[in-house]
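Source file: input-v7.cif; contents: mmCIF, C-alpha atoms.
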```
data_run
#
loop_
_atom_site.group_PDB
_atom_site.id
_atom_site.type_symbol
_atom_site.label_atom_id
_atom_site.label_comp_id
_atom_site.auth_asym_id
_atom_site.auth_seq_id
_atom_site.Cartn_x
_atom_site.Cartn_y
_atom_site.Cartn_z
ATOM 1 C CA GLN A 16 42.237 137.885 94.891
ATOM 2 C CA LEU A 17 39.139 139.274 93.170
ATOM 3 C CA ALA A 18 38.330 138.121 89.680
ATOM 4 C CA THR A 19 38.161 140.862 87.021
ATOM 5 C CA GLN A 20 35.834 141.541 84.132
ATOM 6 C CA SER A 21 36.466 143.340 80.858
ATOM 7 C CA TYR A 22 33.721 145.939 81.394
ATOM 8 C CA SER A 23 34.238 149.139 83.400
ATOM 9 C CA PRO A 24 31.223 150.085 85.525
ATOM 10 C CA GLY A 25 30.467 153.763 86.036
ATOM 11 C CA ASN A 26 28.673 155.440 88.923
ATOM 12 C CA PRO A 27 28.852 152.370 91.177
ATOM 13 C CA ASN A 28 26.293 151.987 93.925
ATOM 14 C CA VAL A 29 27.649 149.256 96.188
ATOM 15 C CA GLY A 30 24.997 146.932 97.503
ATOM 16 C CA ALA A 31 25.345 144.515 100.378
ATOM 17 C CA ILE A 32 26.701 141.149 101.397
ATOM 18 C CA ASP A 33 24.334 138.215 101.925
ATOM 19 C CA ASN A 34 24.722 135.398 104.427
ATOM 20 C CA ASN A 35 26.871 133.449 101.961
ATOM 21 C CA GLY A 36 29.330 136.324 101.578
ATOM 22 C CA ASP A 37 28.166 137.142 98.040
ATOM 23 C CA VAL A 38 28.204 140.838 97.092
ATOM 24 C CA MET A 39 25.636 142.447 94.795
ATOM 25 C CA MET A 40 26.365 145.715 92.987
ATOM 26 C CA LEU A 41 24.430 148.222 90.892
ATOM 27 C CA TRP A 42 25.892 150.747 88.480
ATOM 28 C CA SER A 43 25.114 152.833 85.420
ATOM 29 C CA ALA A 44 27.137 153.438 82.265
ATOM 30 C CA ASP A 45 26.133 155.464 79.203
ATOM 31 C CA GLY A 46 22.498 155.576 80.320
ATOM 32 C CA ASN A 47 22.305 151.840 80.925
ATOM 33 C CA VAL A 48 21.726 150.297 84.356
ATOM 34 C CA PHE A 49 23.539 147.082 85.286
ATOM 35 C CA ALA A 50 23.534 144.723 88.265
ATOM 36 C CA GLY A 51 26.178 142.159 89.030
ATOM 37 C CA THR A 52 27.075 139.671 91.744
ATOM 38 C CA TYR A 53 30.424 138.595 93.103
ATOM 39 C CA SER A 54 30.319 134.995 94.308
ATOM 40 C CA ARG A 55 32.610 134.406 97.248
ATOM 41 C CA PRO A 56 32.667 130.588 96.944
ATOM 42 C CA ARG A 57 33.616 130.826 93.253
ATOM 43 C CA ASN A 58 35.768 133.968 93.694
ATOM 44 C CA SER A 59 34.292 135.359 90.498
ATOM 45 C CA PHE A 60 31.812 137.861 89.079
ATOM 46 C CA GLY A 61 28.826 136.616 87.153
ATOM 47 C CA ALA A 62 27.800 138.204 83.870
ATOM 48 C CA PRO A 63 26.180 141.596 84.556
ATOM 49 C CA ALA A 64 22.426 141.895 84.037
ATOM 50 C CA LEU A 65 21.160 144.818 81.952
ATOM 51 C CA LEU A 66 18.226 146.361 83.848
ATOM 52 C CA SER A 67 17.617 149.412 81.670
ATOM 53 C CA SER A 68 18.709 150.546 78.214
ATOM 54 C CA LEU A 69 16.821 153.853 77.982
ATOM 55 C CA THR A 70 20.185 155.670 77.440
ATOM 56 C CA SER A 71 19.006 158.844 79.254
ATOM 57 C CA THR A 72 20.890 160.030 82.350
ATOM 58 C CA VAL A 73 20.496 157.798 85.400
ATOM 59 C CA TYR A 74 19.944 159.461 88.780
ATOM 60 C CA ALA A 75 19.688 158.325 92.412
ATOM 61 C CA PRO A 76 20.339 154.575 91.979
ATOM 62 C CA THR A 77 19.590 152.504 95.080
ATOM 63 C CA LEU A 78 20.073 148.832 95.884
ATOM 64 C CA ALA A 79 18.726 146.896 98.853
ATOM 65 C CA THR A 80 19.330 143.217 99.569
ATOM 66 C CA ASP A 81 17.905 140.743 102.052
ATOM 67 C CA PRO A 82 20.876 138.832 103.505
ATOM 68 C CA SER A 83 18.736 135.842 104.499
ATOM 69 C CA SER A 84 16.873 135.147 101.253
ATOM 70 C CA GLY A 85 19.352 136.764 98.871
ATOM 71 C CA ASN A 86 16.501 138.683 97.211
ATOM 72 C CA ALA A 87 17.175 142.266 96.164
ATOM 73 C CA VAL A 88 15.536 145.369 94.713
ATOM 74 C CA ALA A 89 17.102 148.068 92.550
ATOM 75 C CA THR A 90 15.622 151.468 91.784
ATOM 76 C CA TRP A 91 16.772 154.414 89.731
ATOM 77 C CA VAL A 92 15.396 157.639 88.261
ATOM 78 C CA GLN A 93 15.502 158.070 84.502
ATOM 79 C CA SER A 94 13.566 160.029 81.909
ATOM 80 C CA ASN A 95 10.839 158.136 80.070
ATOM 81 C CA GLY A 96 11.188 160.632 77.232
ATOM 82 C CA THR A 97 8.901 163.157 78.889
ATOM 83 C CA THR A 98 9.738 163.409 82.583
ATOM 84 C CA GLU A 99 12.008 161.884 85.216
ATOM 85 C CA THR A 100 10.407 158.611 86.367
ATOM 86 C CA LEU A 101 11.218 156.062 89.077
ATOM 87 C CA TYR A 102 11.978 152.548 87.828
ATOM 88 C CA VAL A 103 12.337 149.340 89.824
ATOM 89 C CA SER A 104 13.620 145.820 89.185
ATOM 90 C CA ARG A 105 13.360 142.843 91.580
ATOM 91 C CA TYR A 106 15.972 140.121 91.964
ATOM 92 C CA THR A 107 14.753 136.646 92.951
ATOM 93 C CA ALA A 108 17.582 134.603 94.424
ATOM 94 C CA SER A 109 15.885 131.242 93.899
ATOM 95 C CA THR A 110 15.890 131.751 90.119
ATOM 96 C CA GLY A 111 18.887 134.085 89.890
ATOM 97 C CA THR A 112 16.931 136.492 87.684
ATOM 98 C CA TRP A 113 15.950 140.164 87.615
ATOM 99 C CA SER A 114 12.430 141.255 86.692
ATOM 100 C CA ALA A 115 11.787 143.612 83.810
ATOM 101 C CA ALA A 116 12.108 147.248 84.825
ATOM 102 C CA THR A 117 8.777 148.736 85.940
ATOM 103 C CA ALA A 118 7.851 152.408 86.287
ATOM 104 C CA LEU A 119 6.392 152.963 89.752
ATOM 105 C CA ASP A 120 4.577 156.152 88.834
ATOM 106 C CA SER A 121 2.875 157.422 85.691
ATOM 107 C CA SER A 122 2.513 161.051 86.784
ATOM 108 C CA SER A 123 3.705 163.847 84.525
ATOM 109 C CA ASN A 124 5.393 165.445 87.552
ATOM 110 C CA PRO A 125 9.098 164.630 87.860
ATOM 111 C CA VAL A 126 10.662 162.427 90.498
ATOM 112 C CA ALA A 127 13.466 164.156 92.424
ATOM 113 C CA THR A 128 16.950 163.263 91.200
ATOM 114 C CA GLY A 129 19.220 164.347 94.051
ATOM 115 C CA PRO A 130 21.106 161.962 96.350
ATOM 116 C CA GLY A 131 18.796 160.555 99.021
ATOM 117 C CA SER A 132 15.648 161.155 96.970
ATOM 118 C CA VAL A 133 14.776 157.430 96.914
ATOM 119 C CA ALA A 134 14.962 154.760 99.627
ATOM 120 C CA THR A 135 14.308 151.024 99.356
ATOM 121 C CA ALA A 136 14.010 148.012 101.654
ATOM 122 C CA VAL A 137 13.470 144.285 101.067
ATOM 123 C CA ASN A 138 12.675 141.444 103.450
ATOM 124 C CA GLY A 139 11.980 138.047 101.893
ATOM 125 C CA GLN A 140 9.224 138.524 99.321
ATOM 126 C CA TYR A 141 8.248 141.988 100.585
ATOM 127 C CA ILE A 142 9.614 145.288 99.262
ATOM 128 C CA ALA A 143 9.041 148.926 100.212
ATOM 129 C CA VAL A 144 10.069 151.954 98.136
ATOM 130 C CA VAL A 145 9.686 155.615 99.091
ATOM 131 C CA TRP A 146 10.683 158.600 97.004
ATOM 132 C CA LEU A 147 10.373 162.360 96.570
ATOM 133 C CA GLN A 148 8.256 163.633 93.699
ATOM 134 C CA SER A 149 7.115 167.109 92.775
ATOM 135 C CA ASN A 150 3.441 168.011 92.816
ATOM 136 C CA GLY A 151 4.266 170.984 90.612
ATOM 137 C CA THR A 152 5.244 173.170 93.555
ATOM 138 C CA ILE A 153 6.948 171.143 96.292
ATOM 139 C CA ASN A 154 8.434 167.675 96.722
ATOM 140 C CA GLN A 155 6.216 165.139 98.491
ATOM 141 C CA VAL A 156 6.919 161.614 99.742
ATOM 142 C CA HIS A 157 5.358 158.776 97.723
ATOM 143 C CA ALA A 158 5.429 155.056 98.474
ATOM 144 C CA GLN A 159 4.733 151.634 97.021
ATOM 145 C CA VAL A 160 4.982 148.160 98.548
ATOM 146 C CA TYR A 161 5.420 144.824 96.813
ATOM 147 C CA ASN A 162 3.251 142.235 98.555
ATOM 148 C CA GLY A 163 4.941 139.200 97.064
ATOM 149 C CA THR A 164 2.727 139.199 93.989
ATOM 150 C CA SER A 165 2.183 142.768 92.819
ATOM 151 C CA TRP A 166 2.962 146.392 93.578
ATOM 152 C CA VAL A 167 0.496 148.251 95.816
ATOM 153 C CA GLN A 168 0.297 151.994 95.258
ATOM 154 C CA GLU A 169 0.345 153.932 98.528
ATOM 155 C CA GLY A 170 0.383 157.267 96.706
ATOM 156 C CA THR A 171 1.374 160.446 98.500
ATOM 157 C CA ILE A 172 2.029 159.603 102.137
ATOM 158 C CA ASP A 173 3.074 162.941 103.621
ATOM 159 C CA ALA A 174 1.223 165.004 106.232
ATOM 160 C CA GLY A 175 -0.568 167.092 103.613
ATOM 161 C CA ASN A 176 0.294 170.388 105.287
ATOM 162 C CA GLY A 177 1.719 172.011 102.173
ATOM 163 C CA LYS A 178 5.312 171.836 103.397
ATOM 164 C CA PRO A 179 8.058 170.237 101.270
ATOM 165 C CA ASP A 180 9.358 166.803 102.276
ATOM 166 C CA ALA A 181 12.984 165.625 102.352
ATOM 167 C CA GLN A 182 15.264 162.784 103.453
ATOM 168 C CA PRO A 183 12.907 159.782 103.042
ATOM 169 C CA THR A 184 13.922 156.432 104.507
ATOM 170 C CA VAL A 185 12.098 153.121 104.937
ATOM 171 C CA ALA A 186 12.362 149.670 106.513
ATOM 172 C CA ILE A 187 10.197 146.561 106.139
ATOM 173 C CA ASP A 188 9.839 143.451 108.322
ATOM 174 C CA SER A 189 9.277 139.793 107.428
ATOM 175 C CA THR A 190 5.469 140.192 107.455
ATOM 176 C CA GLY A 191 5.438 143.098 104.988
ATOM 177 C CA HIS A 192 4.912 145.810 107.627
ATOM 178 C CA ALA A 193 6.861 148.903 106.575
ATOM 179 C CA ILE A 194 7.600 152.181 108.319
ATOM 180 C CA ALA A 195 8.684 155.265 106.398
ATOM 181 C CA LEU A 196 10.335 158.300 107.978
ATOM 182 C CA TRP A 197 11.084 161.662 106.429
ATOM 183 C CA GLN A 198 11.826 165.267 107.305
ATOM 184 C CA ALA A 199 9.221 168.007 106.893
ATOM 185 C CA SER A 200 8.252 171.236 108.581
ATOM 186 C CA ASN A 201 5.314 171.407 110.976
ATOM 187 C CA GLY A 202 4.994 175.072 110.092
ATOM 188 C CA THR A 203 7.549 176.174 112.677
ATOM 189 C CA LEU A 204 10.574 173.876 112.386
ATOM 190 C CA ASP A 205 11.640 170.690 110.621
ATOM 191 C CA CYS A 206 10.362 167.514 112.311
ATOM 192 C CA ILE A 207 10.588 163.775 111.663
ATOM 193 C CA TYR A 208 7.346 162.297 110.306
ATOM 194 C CA GLN A 209 6.342 158.631 110.117
ATOM 195 C CA LYS A 210 3.834 156.422 108.331
ATOM 196 C CA HIS A 211 3.108 152.704 108.689
ATOM 197 C CA PHE A 212 1.890 150.658 105.716
ATOM 198 C CA SER A 213 1.520 146.966 104.908
ATOM 199 C CA PRO A 214 -0.335 144.626 102.514
ATOM 200 C CA SER A 215 -3.388 144.941 104.776
ATOM 201 C CA GLY A 216 -3.529 148.738 104.900
ATOM 202 C CA SER A 217 -1.817 151.871 106.187
ATOM 203 C CA THR A 218 -2.006 154.545 108.860
ATOM 204 C CA GLY A 219 -2.057 158.303 108.509
ATOM 205 C CA ALA A 220 1.179 160.271 108.610
ATOM 206 C CA SER A 221 2.109 161.643 112.018
ATOM 207 C CA ILE A 222 5.025 163.368 113.724
ATOM 208 C CA LEU A 223 7.503 160.904 115.216
ATOM 209 C CA TYR A 224 9.443 163.709 116.853
ATOM 210 C CA GLY A 225 9.117 167.476 116.727
ATOM 211 C CA GLY A 226 10.084 168.647 120.169
ATOM 212 C CA GLY A 227 12.523 171.335 121.191
ATOM 213 C CA THR A 228 13.454 174.489 119.367
ATOM 214 C CA THR A 229 15.892 173.135 116.750
ATOM 215 C CA ALA A 230 15.277 171.269 113.531
ATOM 216 C CA SER A 231 15.370 167.464 113.277
ATOM 217 C CA ALA A 232 17.097 165.763 110.336
ATOM 218 C CA ASN A 233 18.793 162.626 108.974
ATOM 219 C CA PRO A 234 16.256 159.968 110.016
ATOM 220 C CA THR A 235 16.942 156.265 109.607
ATOM 221 C CA ILE A 236 14.997 153.176 110.674
ATOM 222 C CA ARG A 237 15.582 149.419 110.979
ATOM 223 C CA PHE A 238 13.545 146.389 112.139
ATOM 224 C CA ASP A 239 14.673 143.515 114.295
ATOM 225 C CA GLY A 240 13.566 139.932 113.673
ATOM 226 C CA SER A 241 10.408 140.324 115.788
ATOM 227 C CA GLY A 242 8.935 143.302 113.942
ATOM 228 C CA ASN A 243 10.152 145.872 116.470
ATOM 229 C CA ALA A 244 11.790 148.960 115.018
ATOM 230 C CA PHE A 245 14.538 151.388 115.972
ATOM 231 C CA ALA A 246 14.605 154.958 114.641
ATOM 232 C CA VAL A 247 17.437 157.455 115.015
ATOM 233 C CA TRP A 248 17.815 161.059 113.861
ATOM 234 C CA SER A 249 19.823 164.176 114.646
ATOM 235 C CA GLN A 250 18.624 167.336 116.325
ATOM 236 C CA GLY A 251 20.495 170.306 117.726
ATOM 237 C CA GLY A 252 23.845 168.544 117.553
ATOM 238 C CA ALA A 253 22.564 165.453 119.383
ATOM 239 C CA VAL A 254 21.378 162.014 118.202
ATOM 240 C CA TYR A 255 18.002 160.709 119.348
ATOM 241 C CA GLU A 256 16.490 157.203 119.283
ATOM 242 C CA LYS A 257 12.966 155.818 119.604
ATOM 243 C CA TYR A 258 11.906 152.173 119.823
ATOM 244 C CA TYR A 259 8.726 150.782 118.236
ATOM 245 C CA ASN A 260 7.164 147.896 120.170
ATOM 246 C CA ALA A 261 5.340 145.751 117.610
ATOM 247 C CA SER A 262 3.140 143.881 120.098
ATOM 248 C CA ALA A 263 1.946 147.105 121.747
ATOM 249 C CA GLY A 264 1.931 149.168 118.558
ATOM 250 C CA THR A 265 3.572 152.088 120.369
ATOM 251 C CA TRP A 266 6.766 154.141 120.280
ATOM 252 C CA SER A 267 8.959 154.774 123.302
ATOM 253 C CA THR A 268 9.889 158.243 124.477
ATOM 254 C CA PRO A 269 12.969 159.612 122.678
ATOM 255 C CA VAL A 270 16.414 159.013 124.178
ATOM 256 C CA ASN A 271 19.418 161.262 123.570
ATOM 257 C CA LEU A 272 22.295 158.951 122.605
ATOM 258 C CA ALA A 273 24.918 161.716 122.303
ATOM 259 C CA THR A 274 25.060 162.947 125.868
ATOM 260 C CA ASN A 275 28.252 165.008 125.663
ATOM 261 C CA SER A 276 28.443 168.620 124.514
ATOM 262 C CA ASN A 277 30.096 167.909 121.164
ATOM 263 C CA THR A 278 28.101 168.165 117.933
ATOM 264 C CA ALA A 279 27.069 164.825 116.384
ATOM 265 C CA TYR A 280 26.900 164.365 112.613
ATOM 266 C CA ALA A 281 25.576 161.806 110.125
ATOM 267 C CA PRO A 282 23.878 159.227 112.389
ATOM 268 C CA SER A 283 23.592 155.696 111.016
ATOM 269 C CA LEU A 284 21.939 152.542 112.300
ATOM 270 C CA SER A 285 22.345 148.791 111.843
ATOM 271 C CA VAL A 286 20.255 146.102 113.506
ATOM 272 C CA ASP A 287 20.901 142.364 113.606
ATOM 273 C CA ALA A 288 17.520 140.915 112.654
ATOM 274 C CA ALA A 289 18.442 137.570 114.193
#
```

Representation of the structure as structure tokens:
Amino acid sequence: QLATQSYSPGNPNVGAIDNNGDVMMLWSADGNVFAGTYSRPRNSFGAPALLSSLTSTVYAPTLATDPSSGNAVATWVQSNGTTETLYVSRYTASTGTWSAATALDSSSNPVATGPGSVATAVNGQYIAVVWLQSNGTINQVHAQVYNGTSWVQEGTIDAGNGKPDAQPTVAIDSTGHAIALWQASNGTLDCIYQKHFSPSGSTGASILYGGGTTASANPTIRFDGSGNAFAVWSQGGAVYEKYYNASAGTWSTPVNLATNSNTAYAPSLSVDAA
């Protein structure tokens, strides 16, 4: 039986379960952002942590946890009084504390507020965050990585072709190497773009897949425990996969996973890092 608390969270954004079976949650209520943890061994909820008290409307909350270390990262979009801004707070399992909320961008252009506008990933001490932000005309993908000590601004990471970006997603491995994917047009049809970045530097954005005559969408990516990555996306009613070989630094040719004639929807991906 789950223990109960006297508060009533609103807009819950369920997190994940760590290797101990503990569950972390993120929610907003009346413009405040809270995080809380259910402890399986104690069968109880700890006191919720207040991450933000700006009182303005909270949009696009995300929560990512690292099952091995228990570390976590929470992000949300909220007005700073002038424009919609992306905020982040880090949870350190060894101390059981959340960091003070930090704005990841100081631009006067607003961060997108729709579902799926922000994506986060955490692995040990490393964190990656990608989000959509307007340049005044179109939404572009931005990124930052936490290198274990400080946030590193990657800035705008899109292809720079003047086409709007959508559906950002990101994964990060145990060395701090991150790969971001997103959807954008190549001028003819929507493709899946990629960019690698890490504490030691980054690569230019490039098309991961843009073949065929139908649009690609719904990308997702995950790492295994050796730094190899798996990416899946949908295109023309099918689901495709590519594999990134870390030692070779190359991607495989795409494989169609949905080989029947029925339309596939909403692909998802999980990888056991062990």

Quick one: which residues end up in the PyMOL selection byres ((chain A and resi 183) around 9) for this structure, as a PyMOL selection string?
chain A and resi 131-134+145-147+156+180-182+184-185+195-198+233-235

Please write the residues picked by the PyMOL selection byres ((chain A and resi 229) around 7) on this file as number ranges by chain.
A: 204, 227-228, 230-231, 250-251

Distance query Phe49 of chain A at most 10 Å, only C-alpha atoms, self and fewer than 5 positions along chain excluded, as a list in words:
Pro24, Gly25, Pro27, Met40, Leu41, Trp42, Ser43, Ala44, Ala62, Pro63, Ala64, Leu65, Leu66, Ser67, Ser68 and Ala89 of chain A

As an exercise, work out the distance from atom CA of Tyr258 of chain A to atom CA of His192 of chain A in Å and give it to one decimal place.
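Going from atom CA of Tyr258 of chain A over to atom CA of His192 of chain A covers 15.4 Å.
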
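The environment of Ala281 of chain A within 9 Å, counting only C-alpha atoms and disregarding residues fewer than 2 places along the same chain, consists of Asn233, Trp248, Ser249, Ala279 and Ser283 of chain A.
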
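This file, queried with the PyMOL selection byres ((chain A and resi 190) around 9), gives the residues Asn138, Gly139, Tyr141, Ile187, Asp188, Ser189, Gly191, His192, Ala193, Ser213, Pro214 and Gly242 of chain A.
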
Resulting file, chosen residues, C-alpha atoms, as a compact mmCIF listing (two decimals), in the coordinates of the input:
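Written out: result29.txt:
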```txt
# COMPACT_ATOMS: atom_id res chain seq x y z
CA ASN A 138 12.68 141.44 103.45
CA GLY A 139 11.98 138.05 101.89
CA TYR A 141 8.25 141.99 100.58
CA ILE A 187 10.20 146.56 106.14
CA ASP A 188 9.84 143.45 108.32
CA SER A 189 9.28 139.79 107.43
CA GLY A 191 5.44 143.10 104.99
CA HIS A 192 4.91 145.81 107.63
CA ALA A 193 6.86 148.90 106.58
CA SER A 213 1.52 146.97 104.91
CA PRO A 214 -0.34 144.63 102.51
CA GLY A 242 8.94 143.30 113.94
```

Counting all atoms listed in the file, which of A:Ser104, A:Asn260, A:Ser267, A:Asn277 gets nearest to Thr77 of chain A?
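So, comparing all the options, the nearest one is A:Ser104.
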
Polymer residues at most 10 Å from Asn271 of chain A, only C-alpha atoms, same-chain spacing of 3 or more positions, as a ChimeraX atom specification:
/A:247-250,253-257,274-275

Under the rule that all atoms listed in the file are counted, which of A:Thr268, A:Thr278, A:Gln93, A:Asn176 is the nearest residue to Ile153 of chain A?
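Of the candidates, the smallest distance to Ile153 of chain A is held by A:Asn176.
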
Using only C-alpha atoms, find each residue of segment 166-269 of chain A with at least one atom at most 12 Å away from an atom of segment 121-124 of chain A; report its shortest atom-to-atom pair and that distance in Å (one decimal), sort the rows by chain and rising residue number, and return the result as JSON lines.
```
{"residue": "A:Gln168", "atom": "CA", "partner": "A:Ser121", "partner_atom": "CA", "distance": 11.3}
{"residue": "A:Gly170", "atom": "CA", "partner": "A:Ser122", "partner_atom": "CA", "distance": 10.8}
{"residue": "A:Thr171", "atom": "CA", "partner": "A:Ser122", "partner_atom": "CA", "distance": 11.8}
```

Mind writing the picked residues with C-alpha atoms as a PDB file, in the coordinates of the input?
```
ATOM      1  CA  GLN A 168       0.297 151.994  95.258  1.00  0.00           C
ATOM      2  CA  GLY A 170       0.383 157.267  96.706  1.00  0.00           C
ATOM      3  CA  THR A 171       1.374 160.446  98.500  1.00  0.00           C
TER       4      THR A 171
END
```

Name the residues in contact with Thr107 of chain A at a cut-off of 10 Å, using only C-alpha atoms, excluding same-chain residues fewer than 4 positions from it; report them as JSON, numbers by chain.
{"A": [84, 85, 86, 87, 88, 111, 112, 113, 114, 139, 140]}

How many Å separate atom CA of Asp81 of chain A from atom CA of Thr52 of chain A?
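According to the coordinates, atom CA of Asp81 of chain A and atom CA of Thr52 of chain A are separated by 13.8 Å.
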
Considering only C-alpha atoms, state which residue in the set A:Gly175, A:Pro82, A:Gly51, A:Gly61 is at the smallest distance from Asn35 of chain A.
A:Pro82

Residue with smallest distance to Ala50 of chain A - pool A:Ser83, A:Val92, A:Ala244, A:Tyr106, counting all atoms listed in the file
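Nearest candidate to Ala50 of chain A out of A:Ser83, A:Val92, A:Ala244, A:Tyr106: A:Tyr106.
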
At what distance in Å, to one decimal, does atom CA of Leu119 of chain A lie from atom CA of Tyr74 of chain A?
15.1 Å

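Comparing A:Leu223, A:Ala232, A:Leu101, A:Leu69 by their smallest distance to Asp205 of chain A, the closest is A:Ala232 (using all atoms listed in the file).
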
In the coordinates of the file, take the point (5.4, 155.6, 108.2) and a cut-off of 7 Å; then, counting only C-alpha atoms, name each qualifying protein, DNA or RNA residue as a ChimeraX atom specification.
/A:194-196,209-212,220

Choose the residue, out of A:Ala136, A:Val126, A:Val270, A:Ala118, that has the smallest atom-to-atom separation from Gly151 of chain A; count only C-alpha atoms.
A:Val126

I'd like the contact shell of Ile142 of chain A - 6 Å cut-off, all atoms listed in the file, skipping same-chain residues fewer than 3 positions apart - returned as a PyMOL selection string.
chain A and resi 136-137+160-161

Some atoms are absent from segment 79-94 of chain A, so rebuild N, CA and C atoms and return them as a short mmCIF file (atom, residue, chain, number, x, y, z; two decimals), in the frame of the given file.
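After the write, out-v2.cif holds the following:
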```cif
data_model
loop_
_atom_site.label_atom_id
_atom_site.label_comp_id
_atom_site.auth_asym_id
_atom_site.auth_seq_id
_atom_site.Cartn_x
_atom_site.Cartn_y
_atom_site.Cartn_z
N ALA A 79 18.93 147.50 97.54
CA ALA A 79 18.73 146.90 98.85
C ALA A 79 18.69 145.39 98.69
N THR A 80 19.32 144.67 99.62
CA THR A 80 19.33 143.22 99.57
C THR A 80 18.87 142.64 100.90
N ASP A 81 18.29 141.47 100.85
CA ASP A 81 17.90 140.74 102.05
C ASP A 81 18.96 139.66 102.28
N PRO A 82 19.79 139.80 103.31
CA PRO A 82 20.88 138.83 103.50
C PRO A 82 20.40 137.39 103.67
N SER A 83 19.21 137.20 104.24
CA SER A 83 18.74 135.84 104.50
C SER A 83 18.28 135.12 103.24
N SER A 84 17.41 135.78 102.45
CA SER A 84 16.87 135.15 101.25
C SER A 84 17.75 135.35 100.03
N GLY A 85 18.57 136.42 100.04
CA GLY A 85 19.35 136.76 98.87
C GLY A 85 18.59 137.58 97.86
N ASN A 86 17.28 137.85 98.12
CA ASN A 86 16.50 138.68 97.21
C ASN A 86 16.98 140.13 97.28
N ALA A 87 16.71 140.89 96.22
CA ALA A 87 17.18 142.27 96.16
C ALA A 87 16.19 143.11 95.36
N VAL A 88 16.33 144.44 95.50
CA VAL A 88 15.54 145.37 94.71
C VAL A 88 16.43 146.54 94.32
N ALA A 89 16.35 146.93 93.07
CA ALA A 89 17.10 148.07 92.55
C ALA A 89 16.13 149.12 92.05
N THR A 90 16.42 150.37 92.33
CA THR A 90 15.62 151.47 91.78
C THR A 90 16.55 152.52 91.21
N TRP A 91 16.03 153.29 90.30
CA TRP A 91 16.77 154.41 89.73
C TRP A 91 15.77 155.37 89.09
N VAL A 92 16.22 156.61 88.90
CA VAL A 92 15.40 157.64 88.26
C VAL A 92 15.97 157.90 86.88
N GLN A 93 15.07 157.90 85.89
CA GLN A 93 15.50 158.07 84.50
C GLN A 93 14.34 158.64 83.70
N SER A 94 14.63 159.45 82.72
CA SER A 94 13.57 160.03 81.91
C SER A 94 12.91 158.96 81.04
#
```
